[in-house]
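data37.pdb (PDB, C-alpha atoms and all ligand atoms) appears below.
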```
ATOM      1  CA  ASP L 162       5.017  -7.674 -13.208
ATOM      2  CA  LEU L 163       7.112  -7.369 -10.057
ATOM      3  CA  PRO L 164       7.104  -3.867  -8.562
ATOM      4  CA  ILE L 165      10.319  -1.869  -8.764
ATOM      5  CA  ILE L 166      11.960  -1.714  -5.345
ATOM      6  CA  TYR L 167      13.811   1.552  -4.815
ATOM      7  CA  ALA L 168      16.384   0.830  -2.109
ATOM      8  CA  ILE L 169      17.920   3.943  -0.549
ATOM      9  CA  THR L 170      21.359   3.448   1.014
ATOM     10  CA  PRO L 171      23.223   6.215   2.845
ATOM     11  CA  THR L 172      26.938   5.483   3.105
ATOM     12  CA  TYR L 173      30.077   7.216   4.352
ATOM     13  CA  ALA L 174      33.813   6.779   4.030
ATOM     14  CA  ARG L 175      35.454   4.628   6.732
ATOM     15  CA  PRO L 176      37.784   1.606   6.743
ATOM     16  CA  VAL L 177      34.946  -0.947   6.534
ATOM     17  CA  GLN L 178      32.973   0.862   3.806
ATOM     18  CA  LYS L 179      34.195  -1.199   0.875
ATOM     19  CA  ALA L 180      33.551  -4.452   2.723
ATOM     20  CA  GLU L 181      30.007  -3.361   3.672
ATOM     21  CA  LEU L 182      29.164  -2.229   0.160
ATOM     22  CA  THR L 183      30.627  -5.374  -1.396
ATOM     23  CA  ARG L 184      28.342  -7.495   0.782
ATOM     24  CA  LEU L 185      25.360  -5.296  -0.020
ATOM     25  CA  SER L 186      26.038  -5.100  -3.755
ATOM     26  CA  HIS L 187      26.086  -8.889  -3.994
ATOM     27  CA  VAL L 188      22.647  -9.047  -2.405
ATOM     28  CA  VAL L 189      21.376  -6.338  -4.733
ATOM     29  CA  LYS L 190      22.704  -8.288  -7.728
ATOM     30  CA  LEU L 191      20.506 -11.226  -6.784
ATOM     31  CA  VAL L 192      17.295  -9.182  -6.642
ATOM     32  CA  PRO L 193      16.047  -8.676 -10.195
ATOM     33  CA  ASN L 194      13.639  -5.817  -9.498
ATOM     34  CA  ILE L 195      15.785  -3.457  -7.367
ATOM     35  CA  HIS L 196      16.917  -0.019  -8.344
ATOM     36  CA  TRP L 197      19.673   0.849  -5.862
ATOM     37  CA  ILE L 198      20.079   4.490  -4.866
ATOM     38  CA  ILE L 199      23.352   5.084  -3.035
ATOM     39  CA  ILE L 200      23.912   8.453  -1.426
ATOM     40  CA  GLU L 201      27.382   9.218  -0.163
ATOM     41  CA  ASP L 202      27.694  11.456   2.878
ATOM     42  CA  ALA L 203      30.289  13.657   1.164
ATOM     43  CA  ILE L 204      30.648  16.741  -1.013
ATOM     44  CA  GLU L 205      31.089  14.583  -4.080
ATOM     45  CA  THR L 206      30.792  10.943  -5.065
ATOM     46  CA  SER L 207      33.902   8.804  -4.701
ATOM     47  CA  LYS L 208      35.874   6.624  -7.049
ATOM     48  CA  LEU L 209      35.629   3.781  -4.550
ATOM     49  CA  VAL L 210      31.836   3.532  -4.723
ATOM     50  CA  LYS L 211      31.644   4.221  -8.446
ATOM     51  CA  SER L 212      34.104   1.473  -9.349
ATOM     52  CA  LEU L 213      32.472  -0.909  -6.894
ATOM     53  CA  LEU L 214      29.188  -0.466  -8.791
ATOM     54  CA  GLU L 215      30.956  -0.945 -12.105
ATOM     55  CA  ARG L 216      32.692  -4.116 -10.961
ATOM     56  CA  ALA L 217      29.419  -5.543  -9.652
ATOM     57  CA  ASP L 218      27.873  -4.719 -13.032
ATOM     58  CA  LEU L 219      25.197  -2.661 -11.286
ATOM     59  CA  LYS L 220      25.628   0.635 -13.103
ATOM     60  CA  SER L 221      22.395   0.405 -15.054
ATOM     61  CA  ARG L 222      20.435  -0.655 -11.980
ATOM     62  CA  SER L 223      21.725   2.059  -9.654
ATOM     63  CA  THR L 224      21.904   5.792  -9.074
ATOM     64  CA  LEU L 225      24.907   7.247  -7.273
ATOM     65  CA  LEU L 226      24.866  10.700  -5.747
ATOM     66  CA  SER L 227      26.230  12.590  -2.779
ATOM     67  CA  ALA L 228      24.544  14.633  -0.058
ATOM     68  CA  LYS L 229      26.736  15.760   2.778
ATOM     69  CA  THR L 230      25.380  15.970   6.316
ATOM     70  CA  PRO L 231      25.720  19.618   7.420
ATOM     71  CA  ASP L 232      28.599  20.077   9.916
ATOM     72  CA  ASP L 233      26.235  21.060  12.744
ATOM     73  CA  PHE L 234      24.536  17.694  12.518
ATOM     74  CA  LYS L 235      27.535  15.512  11.749
ATOM     75  CA  LEU L 236      28.534  12.797  14.175
ATOM     76  CA  LYS L 237      32.095  13.357  15.430
ATOM     77  CA  ALA L 238      34.460  10.407  15.886
ATOM     78  CA  LYS L 239      34.179  10.592  19.700
ATOM     79  CA  ASP L 240      30.415  11.172  19.858
ATOM     80  CA  PRO L 241      28.339   8.190  20.905
ATOM     81  CA  ASN L 242      26.638   6.954  17.754
ATOM     82  CA  TRP L 243      23.140   7.721  19.065
ATOM     83  CA  SER L 244      23.849  11.371  19.866
ATOM     84  CA  LYS L 245      22.969  12.587  16.371
ATOM     85  CA  ALA L 246      20.638  11.435  13.626
ATOM     86  CA  ARG L 247      22.405   9.549  10.847
ATOM     87  CA  GLY L 248      21.281   9.342   7.247
ATOM     88  CA  VAL L 249      18.731  12.184   7.301
ATOM     89  CA  GLU L 250      20.303  14.237   4.517
ATOM     90  CA  GLN L 251      21.015  11.162   2.384
ATOM     91  CA  ARG L 252      17.606   9.507   2.726
ATOM     92  CA  ASN L 253      15.848  12.776   1.899
ATOM     93  CA  ALA L 254      18.057  13.149  -1.180
ATOM     94  CA  GLY L 255      17.101   9.595  -2.138
ATOM     95  CA  LEU L 256      13.406  10.419  -1.792
ATOM     96  CA  GLU L 257      13.900  13.386  -4.106
ATOM     97  CA  VAL L 258      15.432  11.132  -6.753
ATOM     98  CA  ILE L 259      12.506   8.755  -6.452
ATOM     99  CA  ARG L 260       9.901  11.505  -6.685
ATOM    100  CA  LYS L 261      11.514  12.586  -9.939
ATOM    101  CA  ARG L 262      11.809   9.034 -11.267
ATOM    102  CA  ILE L 263       8.321   7.776 -10.481
ATOM    103  CA  ASN L 264       6.235   8.617 -13.459
ATOM    104  CA  LYS L 265       2.755   9.479 -12.268
ATOM    105  CA  ALA L 266       1.356   8.502 -15.631
ATOM    106  CA  SER L 267       2.896   5.027 -15.450
ATOM    107  CA  SER L 268       0.924   2.271 -13.780
ATOM    108  CA  ARG L 269       4.048   0.417 -12.594
ATOM    109  CA  HIS L 270       3.878  -0.350  -8.892
ATOM    110  CA  THR L 271       6.907   0.766  -6.855
ATOM    111  CA  ILE L 272       8.192   0.186  -3.318
ATOM    112  CA  VAL L 273      10.574   2.375  -1.319
ATOM    113  CA  TYR L 274      12.938   0.769   1.222
ATOM    114  CA  PHE L 275      15.603   2.355   3.429
ATOM    115  CA  MET L 276      18.522  -0.074   3.239
ATOM    116  CA  ASP L 277      21.404   0.940   5.530
ATOM    117  CA  ASP L 278      24.826  -0.214   4.406
ATOM    118  CA  ASP L 279      25.684  -2.341   7.459
ATOM    119  CA  ASN L 280      22.587  -4.486   8.052
ATOM    120  CA  THR L 281      22.170  -8.103   6.923
ATOM    121  CA  TYR L 282      19.424  -8.700   4.356
ATOM    122  CA  SER L 283      17.932 -12.018   3.289
ATOM    123  CA  LEU L 284      16.896 -12.353  -0.352
ATOM    124  CA  GLU L 285      13.477 -13.495   0.895
ATOM    125  CA  LEU L 286      12.950 -10.037   2.380
ATOM    126  CA  PHE L 287      12.724  -8.550  -1.097
ATOM    127  CA  GLN L 288      10.187 -11.164  -2.169
ATOM    128  CA  GLU L 289       8.073 -10.185   0.840
ATOM    129  CA  MET L 290       8.424  -6.494   0.048
ATOM    130  CA  ALA L 291       7.083  -7.087  -3.432
ATOM    131  CA  LYS L 292       3.780  -8.088  -1.797
ATOM    132  CA  ILE L 293       3.166  -4.592  -0.434
ATOM    133  CA  GLU L 294      -0.113  -3.320  -1.835
ATOM    134  CA  ARG L 295      -0.620   0.082  -3.372
ATOM    135  CA  GLY L 296      -1.264   2.698  -0.710
ATOM    136  CA  LYS L 297       0.237   0.482   1.979
ATOM    137  CA  VAL L 298       3.281   0.299   4.224
ATOM    138  CA  GLY L 299       4.571  -3.235   4.764
ATOM    139  CA  VAL L 300       6.160  -4.238   8.089
ATOM    140  CA  TRP L 301       8.114  -7.256   9.409
ATOM    141  CA  PRO L 302      10.382  -8.250  12.298
ATOM    142  CA  VAL L 303      13.969  -7.018  12.607
ATOM    143  CA  GLY L 304      16.594  -9.100  14.400
ATOM    144  CA  LEU L 305      19.144  -7.780  16.914
ATOM    145  CA  VAL L 306      17.747  -4.334  17.576
ATOM    146  CA  GLY L 307      16.249  -2.268  20.380
ATOM    147  CA  GLY L 308      17.795  -4.466  23.048
ATOM    148  CA  LEU L 309      15.923  -7.522  21.782
ATOM    149  CA  MET L 310      16.718 -10.624  19.744
ATOM    150  CA  VAL L 311      13.720  -9.728  17.570
ATOM    151  CA  GLU L 312      11.695  -6.535  17.524
ATOM    152  CA  LYS L 313       8.350  -7.109  15.812
ATOM    153  CA  PRO L 314       4.779  -6.012  15.286
ATOM    154  CA  ILE L 315       2.083  -7.817  17.289
ATOM    155  CA  LEU L 316      -0.968  -9.032  15.390
ATOM    156  CA  GLY L 317      -4.569  -9.357  16.437
ATOM    157  CA  GLY L 318      -6.132 -11.451  13.712
ATOM    158  CA  ASN L 319      -4.713 -10.039  10.494
ATOM    159  CA  GLU L 320      -4.253  -6.531  11.898
ATOM    160  CA  ILE L 321      -1.323  -4.967  13.653
ATOM    161  CA  ILE L 322      -2.376  -3.951  17.141
ATOM    162  CA  GLY L 323       0.983  -3.136  18.684
ATOM    163  CA  PHE L 324       4.694  -3.855  18.880
ATOM    164  CA  ASN L 325       6.887  -5.824  21.268
ATOM    165  CA  SER L 326       9.413  -2.970  21.382
ATOM    166  CA  ALA L 327      11.132  -2.371  24.709
ATOM    167  CA  TRP L 328      13.136   0.726  23.737
ATOM    168  CA  ARG L 329      11.009   3.887  23.678
ATOM    169  CA  PRO L 330       7.801   1.903  23.153
ATOM    170  CA  GLU L 331       5.860   5.182  23.349
ATOM    171  CA  ARG L 332       7.019   6.123  19.852
ATOM    172  CA  PRO L 333       4.112   6.311  17.364
ATOM    173  CA  PHE L 334       5.883   3.645  15.260
ATOM    174  CA  PRO L 335       8.373   1.881  17.558
ATOM    175  CA  ILE L 336      10.159   0.058  14.729
ATOM    176  CA  ASP L 337      13.570   0.153  13.067
ATOM    177  CA  MET L 338      14.319   1.672   9.663
ATOM    178  CA  ALA L 339      14.943  -1.853   8.306
ATOM    179  CA  GLY L 340      11.495  -3.051   9.383
ATOM    180  CA  PHE L 341       9.225  -1.380   6.843
ATOM    181  CA  ALA L 342       8.879  -0.335   3.199
ATOM    182  CA  ILE L 343       6.463   2.131   1.652
ATOM    183  CA  SER L 344       4.364   1.865  -1.495
ATOM    184  CA  GLY L 345       5.693   4.429  -3.993
ATOM    185  CA  ASP L 346       2.300   6.009  -4.559
ATOM    186  CA  LEU L 347       2.282   7.160  -0.913
ATOM    187  CA  ILE L 348       5.633   8.849  -1.487
ATOM    188  CA  MET L 349       4.034  10.680  -4.421
ATOM    189  CA  ASP L 350       0.726  11.429  -2.647
ATOM    190  CA  TYR L 351       2.509  12.923   0.382
ATOM    191  CA  PRO L 352       5.307  15.057  -1.080
ATOM    192  CA  ASP L 353       6.233  16.400   2.384
ATOM    193  CA  ALA L 354       6.943  12.942   3.773
ATOM    194  CA  SER L 355      10.616  12.982   4.775
ATOM    195  CA  PHE L 356      13.126  12.703   7.624
ATOM    196  CA  SER L 357      13.964  15.582   9.932
ATOM    197  CA  TYR L 358      16.820  16.804  12.131
ATOM    198  CA  GLU L 359      14.153  18.082  14.523
ATOM    199  CA  ALA L 360      12.906  14.597  15.351
ATOM    200  CA  PRO L 361      14.117  13.296  18.741
ATOM    201  CA  ARG L 362      16.465  10.345  18.947
ATOM    202  CA  GLY L 363      14.786   7.176  17.664
ATOM    203  CA  TYR L 364      11.946   9.078  16.008
ATOM    204  CA  GLN L 365      13.098   9.114  12.355
ATOM    205  CA  GLU L 366      10.958   6.092  11.468
ATOM    206  CA  SER L 367       7.925   7.681  13.130
ATOM    207  CA  GLU L 368       8.753  10.964  11.429
ATOM    208  CA  ILE L 369       8.301   9.654   7.887
ATOM    209  CA  LEU L 370       5.601   7.095   8.692
ATOM    210  CA  ARG L 371       3.281   9.610  10.379
ATOM    211  CA  TYR L 372       2.809  11.331   7.005
ATOM    212  CA  VAL L 373       1.780   8.242   5.098
ATOM    213  CA  THR L 374      -0.021   5.754   7.343
ATOM    214  CA  VAL L 375      -1.479   4.777  10.716
ATOM    215  CA  VAL L 376      -0.616   1.652  12.725
ATOM    216  CA  ARG L 377      -3.844  -0.159  11.877
ATOM    217  CA  ASP L 378      -3.221   0.215   8.148
ATOM    218  CA  LEU L 379       0.233  -1.401   8.243
ATOM    219  CA  GLN L 380       0.495  -4.553   6.136
ATOM    220  CA  PRO L 381       2.062  -7.477   8.022
ATOM    221  CA  LEU L 382       4.537  -9.526   5.963
ATOM    222  CA  ALA L 383       7.122 -12.268   6.531
ATOM    223  CA  ASN L 384       4.753 -15.023   7.610
ATOM    224  CA  ASN L 385       2.492 -12.672   9.614
ATOM    225  CA  CYS L 386       5.557 -11.133  11.234
ATOM    226  CA  ARG L 387       6.886 -14.475  12.481
ATOM    227  CA  SER L 388       9.981 -14.711  10.254
ATOM    228  CA  VAL L 389      13.179 -12.718  10.674
ATOM    229  CA  LEU L 390      14.555 -11.771   7.259
ATOM    230  CA  VAL L 391      16.707  -8.769   8.204
ATOM    231  CA  TRP L 392      19.136  -8.135  11.047
ATOM    232  CA  HIS L 393      20.327  -4.829  12.424
ATOM    233  CA  THR L 394      23.954  -5.935  12.478
ATOM    234  CA  ARG L 395      26.614  -3.351  13.251
ATOM    235  CA  THR L 396      30.223  -3.701  12.232
ATOM    236  CA  GLU L 397      32.897  -3.145  14.832
ATOM    237  CA  ALA L 398      35.369  -0.417  13.869
ATOM    238  CA  PRO L 399      38.639  -2.297  13.283
ATOM    239  CA  LYS L 400      41.711  -1.407  15.317
ATOM    240  CA  LEU L 401      44.270  -0.076  12.876
ATOM    241  CA  ASP L 402      46.994   1.239  15.181
ATOM    242  CA  SER L 403      49.644  -0.796  13.386
ATOM    243  CA  GLU L 404      48.942   1.197  10.233
ATOM    244  CA  THR L 405      50.523   4.310  11.767
ATOM    245  CA  LYS L 406      53.359   2.157  13.129
ATOM    246  CA  LEU L 407      53.993   0.783   9.631
ATOM    247  CA  LYS L 408      54.073   4.281   8.196
ATOM    248  CA  LYS L 409      56.519   5.496  10.869
ATOM    249  CA  ASP L 410      58.788   2.484  10.299
ATOM    250  CA  GLY L 411      58.664   3.143   6.578
ATOM    251  CA  GLN L 412      59.756   6.710   7.209
ATOM    252  CA  LYS L 413      62.656   5.520   9.323
ATOM    253  CA  ARG L 414      63.821   3.144   6.616
ATOM    254  CA  SER L 415      63.774   5.895   4.024
ATOM    255  CA  ASP L 416      65.649   8.337   6.331
TER     256      ASP L 416
HETATM  257  N1  LIG K   1      25.720   7.136   7.776
HETATM  258  C1  LIG K   1      26.089   8.242   7.022
HETATM  259  N2  LIG K   1      26.894   9.206   7.595
HETATM  260  C2  LIG K   1      27.348   9.121   8.887
HETATM  261  C3  LIG K   1      26.956   7.981   9.659
HETATM  262  C4  LIG K   1      26.133   7.015   9.068
HETATM  263  O1  LIG K   1      25.716   8.358   5.854
HETATM  264  O2  LIG K   1      28.073  10.023   9.354
HETATM  265  C5  LIG K   1      24.862   6.088   7.156
HETATM  266  C6  LIG K   1      25.390   4.658   7.362
HETATM  267  O3  LIG K   1      26.293   4.302   6.324
HETATM  268  C7  LIG K   1      24.112   3.837   7.352
HETATM  269  C8  LIG K   1      23.062   4.810   7.911
HETATM  270  O4  LIG K   1      23.600   6.125   7.766
HETATM  271  O5  LIG K   1      23.744   3.437   6.043
HETATM  272  C9  LIG K   1      22.762   4.554   9.382
HETATM  273  O6  LIG K   1      23.954   4.674  10.133
HETATM  274  P1  LIG K   1      24.438   3.552  11.165
HETATM  275  O7  LIG K   1      24.383   2.220  10.528
HETATM  276  O8  LIG K   1      25.744   3.981  11.757
HETATM  277  O9  LIG K   1      23.291   3.674  12.273
HETATM  278  P2  LIG K   1      22.853   2.630  13.379
HETATM  279  O10 LIG K   1      22.910   1.263  12.793
HETATM  280  O11 LIG K   1      23.804   2.789  14.482
HETATM  281  O12 LIG K   1      21.467   3.052  13.710
HETATM  282 MN    MN K   2      23.566   0.408  11.167
END
```
Output the file's structure as structure tokens, nothing else.
Amino acid sequence: DLPIIYAITPTYARPVQKAELTRLSHVVKLVPNIHWIIIEDAIETSKLVKSLLERADLKSRSTLLSAKTPDDFKLKAKDPNWSKARGVEQRNAGLEVIRKRINKASSRHTIVYFMDDDNTYSLELFQEMAKIERGKVGVWPVGLVGGLMVEKPILGGNEIIGFNSAWRPERPFPIDMAGFAISGDLIMDYPDASFSYEAPRGYQESEILRYVTVVRDLQPLANNCRSVLVWHTRTEAPKLDSETKLKKDGQKRSD
């Protein structure tokens, strides 16, 4: 039996949201053993996301909920994107769902992955993830992140002895959110494991991982961390100035 992969995706309303989620939903469709947990950064869930799940025929394989980032922590349009943590509220809400869903009595193996809505995921990544052993955290390279073409764990024999990270390499786990997944039993064994607004910039990954593992216990995947199966792509915000122009022109015509 393949383990169930619980993929947690925070998402928020913006012009590119539907495009991002369309891309992601089509990947999810091709992975037989995913349960997709989408958490909207909003007071309530939206029609846009709900109907997108319906149209992709993913309703039975997904859970949709909302968890709004508190105003004090919310990124403002003009803030640089690194100035505040993103996804904390949503990922923690996702973990809560999983802790309720995982049946301690059941022997089914589960994996928890934090799958942001804008990255690029290869189908092979999910096959690798399924190899994560019980009680383990699996790790692999991530493309286009941390100022590098590839940020990746460094192996000594079959063990992870370090990371090639150049950005804040002093972090306990200097890896991106897309570069690891956690065996579900660890999520159950460490009920406090979660993300935090208190963590400094770049420390969310270390924040959750410090509860559940140590570097030497990490399980290298993706051809001993030689293959890149996920990329930290970021979508440019489109320029939409002509939208307001169109609206103004429309007003003029109807005057
Ligand atoms: N996100 C969110 N609310 C926000 C900003 C981001 O829910 O106000 C989500 C976003 O959709 C993504 C995750 O949080 O799934 C990480 O955000 P982003 O991709 O902008 O972070 P970066 O790639 O810059 O680290
Ligand atoms: Mn991103």
Original post:
Once you count only C-alpha atoms and all ligand atoms, which residues end up within 6 Å of ligand MN 2 (chain K), and could you hand them over as a ChimeraX atom specification?
Top reply: /L:279-280,395
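Against the coordinates shown, the PyMOL selection byres (((not hetatm)) within 7 of (chain K and resi 1)) returns L:Thr170, L:Pro171, L:Thr172, L:Tyr173, L:Glu201, L:Asp202, L:Lys235, L:Leu236, L:Asn242, L:Trp243, L:Arg247, L:Gly248, L:Gln251, L:Met276, L:Asp277, L:Asp278, L:Asp279, L:His393, L:Arg395.
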Could I get the residues of region 319-358 of chain L with an atom no further than 8 Å from an atom of region 366-385 of chain L, each paired with its nearest atom pair and that distance in Å to one decimal, using all atoms listed in the file, sorted by chain and residue number, as JSON lines?
```
{"residue": "L:Asn319", "atom": "CA", "partner": "L:Pro381", "partner_atom": "CA", "distance": 7.7}
{"residue": "L:Glu320", "atom": "CA", "partner": "L:Arg377", "partner_atom": "CA", "distance": 6.4}
{"residue": "L:Ile321", "atom": "CA", "partner": "L:Arg377", "partner_atom": "CA", "distance": 5.7}
{"residue": "L:Ile322", "atom": "CA", "partner": "L:Arg377", "partner_atom": "CA", "distance": 6.7}
{"residue": "L:Gly323", "atom": "CA", "partner": "L:Val376", "partner_atom": "CA", "distance": 7.8}
{"residue": "L:Arg332", "atom": "CA", "partner": "L:Ser367", "partner_atom": "CA", "distance": 7.0}
{"residue": "L:Pro333", "atom": "CA", "partner": "L:Ser367", "partner_atom": "CA", "distance": 5.9}
{"residue": "L:Phe334", "atom": "CA", "partner": "L:Ser367", "partner_atom": "CA", "distance": 5.0}
{"residue": "L:Pro335", "atom": "CA", "partner": "L:Ser367", "partner_atom": "CA", "distance": 7.3}
{"residue": "L:Ile336", "atom": "CA", "partner": "L:Glu366", "partner_atom": "CA", "distance": 6.9}
{"residue": "L:Asp337", "atom": "CA", "partner": "L:Glu366", "partner_atom": "CA", "distance": 6.7}
{"residue": "L:Met338", "atom": "CA", "partner": "L:Glu366", "partner_atom": "CA", "distance": 5.8}
{"residue": "L:Leu347", "atom": "CA", "partner": "L:Val373", "partner_atom": "CA", "distance": 6.1}
{"residue": "L:Ile348", "atom": "CA", "partner": "L:Val373", "partner_atom": "CA", "distance": 7.7}
{"residue": "L:Tyr351", "atom": "CA", "partner": "L:Val373", "partner_atom": "CA", "distance": 6.7}
{"residue": "L:Asp353", "atom": "CA", "partner": "L:Tyr372", "partner_atom": "CA", "distance": 7.7}
{"residue": "L:Ala354", "atom": "CA", "partner": "L:Ile369", "partner_atom": "CA", "distance": 5.4}
{"residue": "L:Ser355", "atom": "CA", "partner": "L:Ile369", "partner_atom": "CA", "distance": 5.1}
{"residue": "L:Phe356", "atom": "CA", "partner": "L:Ile369", "partner_atom": "CA", "distance": 5.7}
{"residue": "L:Ser357", "atom": "CA", "partner": "L:Glu368", "partner_atom": "CA", "distance": 7.1}
```
Now that the selection is made, can you save its residues with C-alpha atoms as a PDB file, in the frame of the given file?
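As written to disk, selection.pdb reads:
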```
ATOM      1  CA  ASN L 319      -4.713 -10.039  10.494  1.00  0.00           C
ATOM      2  CA  GLU L 320      -4.253  -6.531  11.898  1.00  0.00           C
ATOM      3  CA  ILE L 321      -1.323  -4.967  13.653  1.00  0.00           C
ATOM      4  CA  ILE L 322      -2.376  -3.951  17.141  1.00  0.00           C
ATOM      5  CA  GLY L 323       0.983  -3.136  18.684  1.00  0.00           C
ATOM      6  CA  ARG L 332       7.019   6.123  19.852  1.00  0.00           C
ATOM      7  CA  PRO L 333       4.112   6.311  17.364  1.00  0.00           C
ATOM      8  CA  PHE L 334       5.883   3.645  15.260  1.00  0.00           C
ATOM      9  CA  PRO L 335       8.373   1.881  17.558  1.00  0.00           C
ATOM     10  CA  ILE L 336      10.159   0.058  14.729  1.00  0.00           C
ATOM     11  CA  ASP L 337      13.570   0.153  13.067  1.00  0.00           C
ATOM     12  CA  MET L 338      14.319   1.672   9.663  1.00  0.00           C
ATOM     13  CA  LEU L 347       2.282   7.160  -0.913  1.00  0.00           C
ATOM     14  CA  ILE L 348       5.633   8.849  -1.487  1.00  0.00           C
ATOM     15  CA  TYR L 351       2.509  12.923   0.382  1.00  0.00           C
ATOM     16  CA  ASP L 353       6.233  16.400   2.384  1.00  0.00           C
ATOM     17  CA  ALA L 354       6.943  12.942   3.773  1.00  0.00           C
ATOM     18  CA  SER L 355      10.616  12.982   4.775  1.00  0.00           C
ATOM     19  CA  PHE L 356      13.126  12.703   7.624  1.00  0.00           C
ATOM     20  CA  SER L 357      13.964  15.582   9.932  1.00  0.00           C
TER      21      SER L 357
END
```
Each residue of region 238-298 of chain L lying at most 10 Å from region 214-230 of chain L should get a row with its shortest atom-to-atom pair and the distance in Å to one decimal, counting only C-alpha atoms; could you produce that, ordered by chain and increasing number, as JSON lines?
```
{"residue": "L:Ala246", "atom": "CA", "partner": "L:Thr230", "partner_atom": "CA", "distance": 9.8}
{"residue": "L:Arg247", "atom": "CA", "partner": "L:Thr230", "partner_atom": "CA", "distance": 8.4}
{"residue": "L:Gly248", "atom": "CA", "partner": "L:Thr230", "partner_atom": "CA", "distance": 7.8}
{"residue": "L:Val249", "atom": "CA", "partner": "L:Thr230", "partner_atom": "CA", "distance": 7.7}
{"residue": "L:Glu250", "atom": "CA", "partner": "L:Thr230", "partner_atom": "CA", "distance": 5.7}
{"residue": "L:Gln251", "atom": "CA", "partner": "L:Ala228", "partner_atom": "CA", "distance": 5.5}
{"residue": "L:Arg252", "atom": "CA", "partner": "L:Ala228", "partner_atom": "CA", "distance": 9.1}
{"residue": "L:Asn253", "atom": "CA", "partner": "L:Ala228", "partner_atom": "CA", "distance": 9.1}
{"residue": "L:Ala254", "atom": "CA", "partner": "L:Ala228", "partner_atom": "CA", "distance": 6.7}
{"residue": "L:Gly255", "atom": "CA", "partner": "L:Leu226", "partner_atom": "CA", "distance": 8.6}
{"residue": "L:Val258", "atom": "CA", "partner": "L:Thr224", "partner_atom": "CA", "distance": 8.7}
```
**OP:** Can you work out which one of L:Arg184, L:Leu401, L:Asp346, L:Pro361 has the shortest atom-to-atom distance to Lys265 (chain L), counting all atoms listed in the file?
**Re:**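 Of all the options, L:Asp346 lies closest to Lys265 (chain L).
Atom pair CA of Asn194 (chain L) / CA of Ser207 (chain L): separated by 25.4 Å.
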Original post:
How many Å separate CA of Pro302 (chain L) from CA of Gln365 (chain L)?
Top reply: 17.6 Å
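In this comparison, which uses only C-alpha atoms, the residue of L:Ile259, L:Ser344, L:Ile169, L:Ala339 approaching Gly296 (chain L) most closely is L:Ser344.
The space separating CA of Val273 (chain L) from CA of Phe341 (chain L) comes to 9.1 Å.
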Subject >> Nearest residue to Val391 (chain L) from the set L:Glu285, L:Asp410, L:Glu359, L:Glu404 (distances using only C-alpha atoms) >> reply: L:Glu285
Original post:
If we count only C-alpha atoms, what is near Ile263 (chain L) at a cut-off of 12 Å, once residues fewer than 3 positions away on the same chain are taken out, given as a count of residues only?
Top reply: 25
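With all atoms listed in the file as the atoms that count, the minimum distance from Val192 (chain L) to the choices L:Lys237, L:Gly363, L:Lys292, L:Tyr282 is reached by L:Tyr282.
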Ground truth for the PyMOL selection byres (((chain L and resi 328) around 12) and not hetatm), written as a PDB file with C-alpha atoms, in the frame of the given file:
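Generated output (expr.pdb):
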```pdb
ATOM      1  CA  VAL L 306      17.747  -4.334  17.576  1.00  0.00           C
ATOM      2  CA  GLY L 307      16.249  -2.268  20.380  1.00  0.00           C
ATOM      3  CA  GLY L 308      17.795  -4.466  23.048  1.00  0.00           C
ATOM      4  CA  LEU L 309      15.923  -7.522  21.782  1.00  0.00           C
ATOM      5  CA  GLU L 312      11.695  -6.535  17.524  1.00  0.00           C
ATOM      6  CA  PHE L 324       4.694  -3.855  18.880  1.00  0.00           C
ATOM      7  CA  ASN L 325       6.887  -5.824  21.268  1.00  0.00           C
ATOM      8  CA  SER L 326       9.413  -2.970  21.382  1.00  0.00           C
ATOM      9  CA  ALA L 327      11.132  -2.371  24.709  1.00  0.00           C
ATOM     10  CA  ARG L 329      11.009   3.887  23.678  1.00  0.00           C
ATOM     11  CA  PRO L 330       7.801   1.903  23.153  1.00  0.00           C
ATOM     12  CA  GLU L 331       5.860   5.182  23.349  1.00  0.00           C
ATOM     13  CA  ARG L 332       7.019   6.123  19.852  1.00  0.00           C
ATOM     14  CA  PHE L 334       5.883   3.645  15.260  1.00  0.00           C
ATOM     15  CA  PRO L 335       8.373   1.881  17.558  1.00  0.00           C
ATOM     16  CA  ILE L 336      10.159   0.058  14.729  1.00  0.00           C
ATOM     17  CA  ASP L 337      13.570   0.153  13.067  1.00  0.00           C
ATOM     18  CA  ARG L 362      16.465  10.345  18.947  1.00  0.00           C
ATOM     19  CA  GLY L 363      14.786   7.176  17.664  1.00  0.00           C
ATOM     20  CA  TYR L 364      11.946   9.078  16.008  1.00  0.00           C
TER      21      TYR L 364
END
```
**OP:** Name the residues within 7 Å of (21.9, -10.3, -1.2), counting all atoms listed in the file in the file's coordinates, and put them as number ranges by chain.
**Re:** L: 185, 187-191, 282-284
Original post:
Nearest to Val177 (chain L): which of L:Ala342, L:Leu407, L:Ala398, L:Ala238 is it, counting all atoms listed in the file?
Top reply: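 When distances to Val177 (chain L) are compared using all atoms listed in the file, the smallest one comes from L:Ala398.
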Original post:
Which one of L:Trp301, L:Phe234, L:Phe275, L:Tyr358 sits closest to Pro314 (chain L) if you count all atoms listed in the file?
Top reply: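 Nearest candidate to Pro314 (chain L) out of L:Trp301, L:Phe234, L:Phe275, L:Tyr358: L:Trp301.
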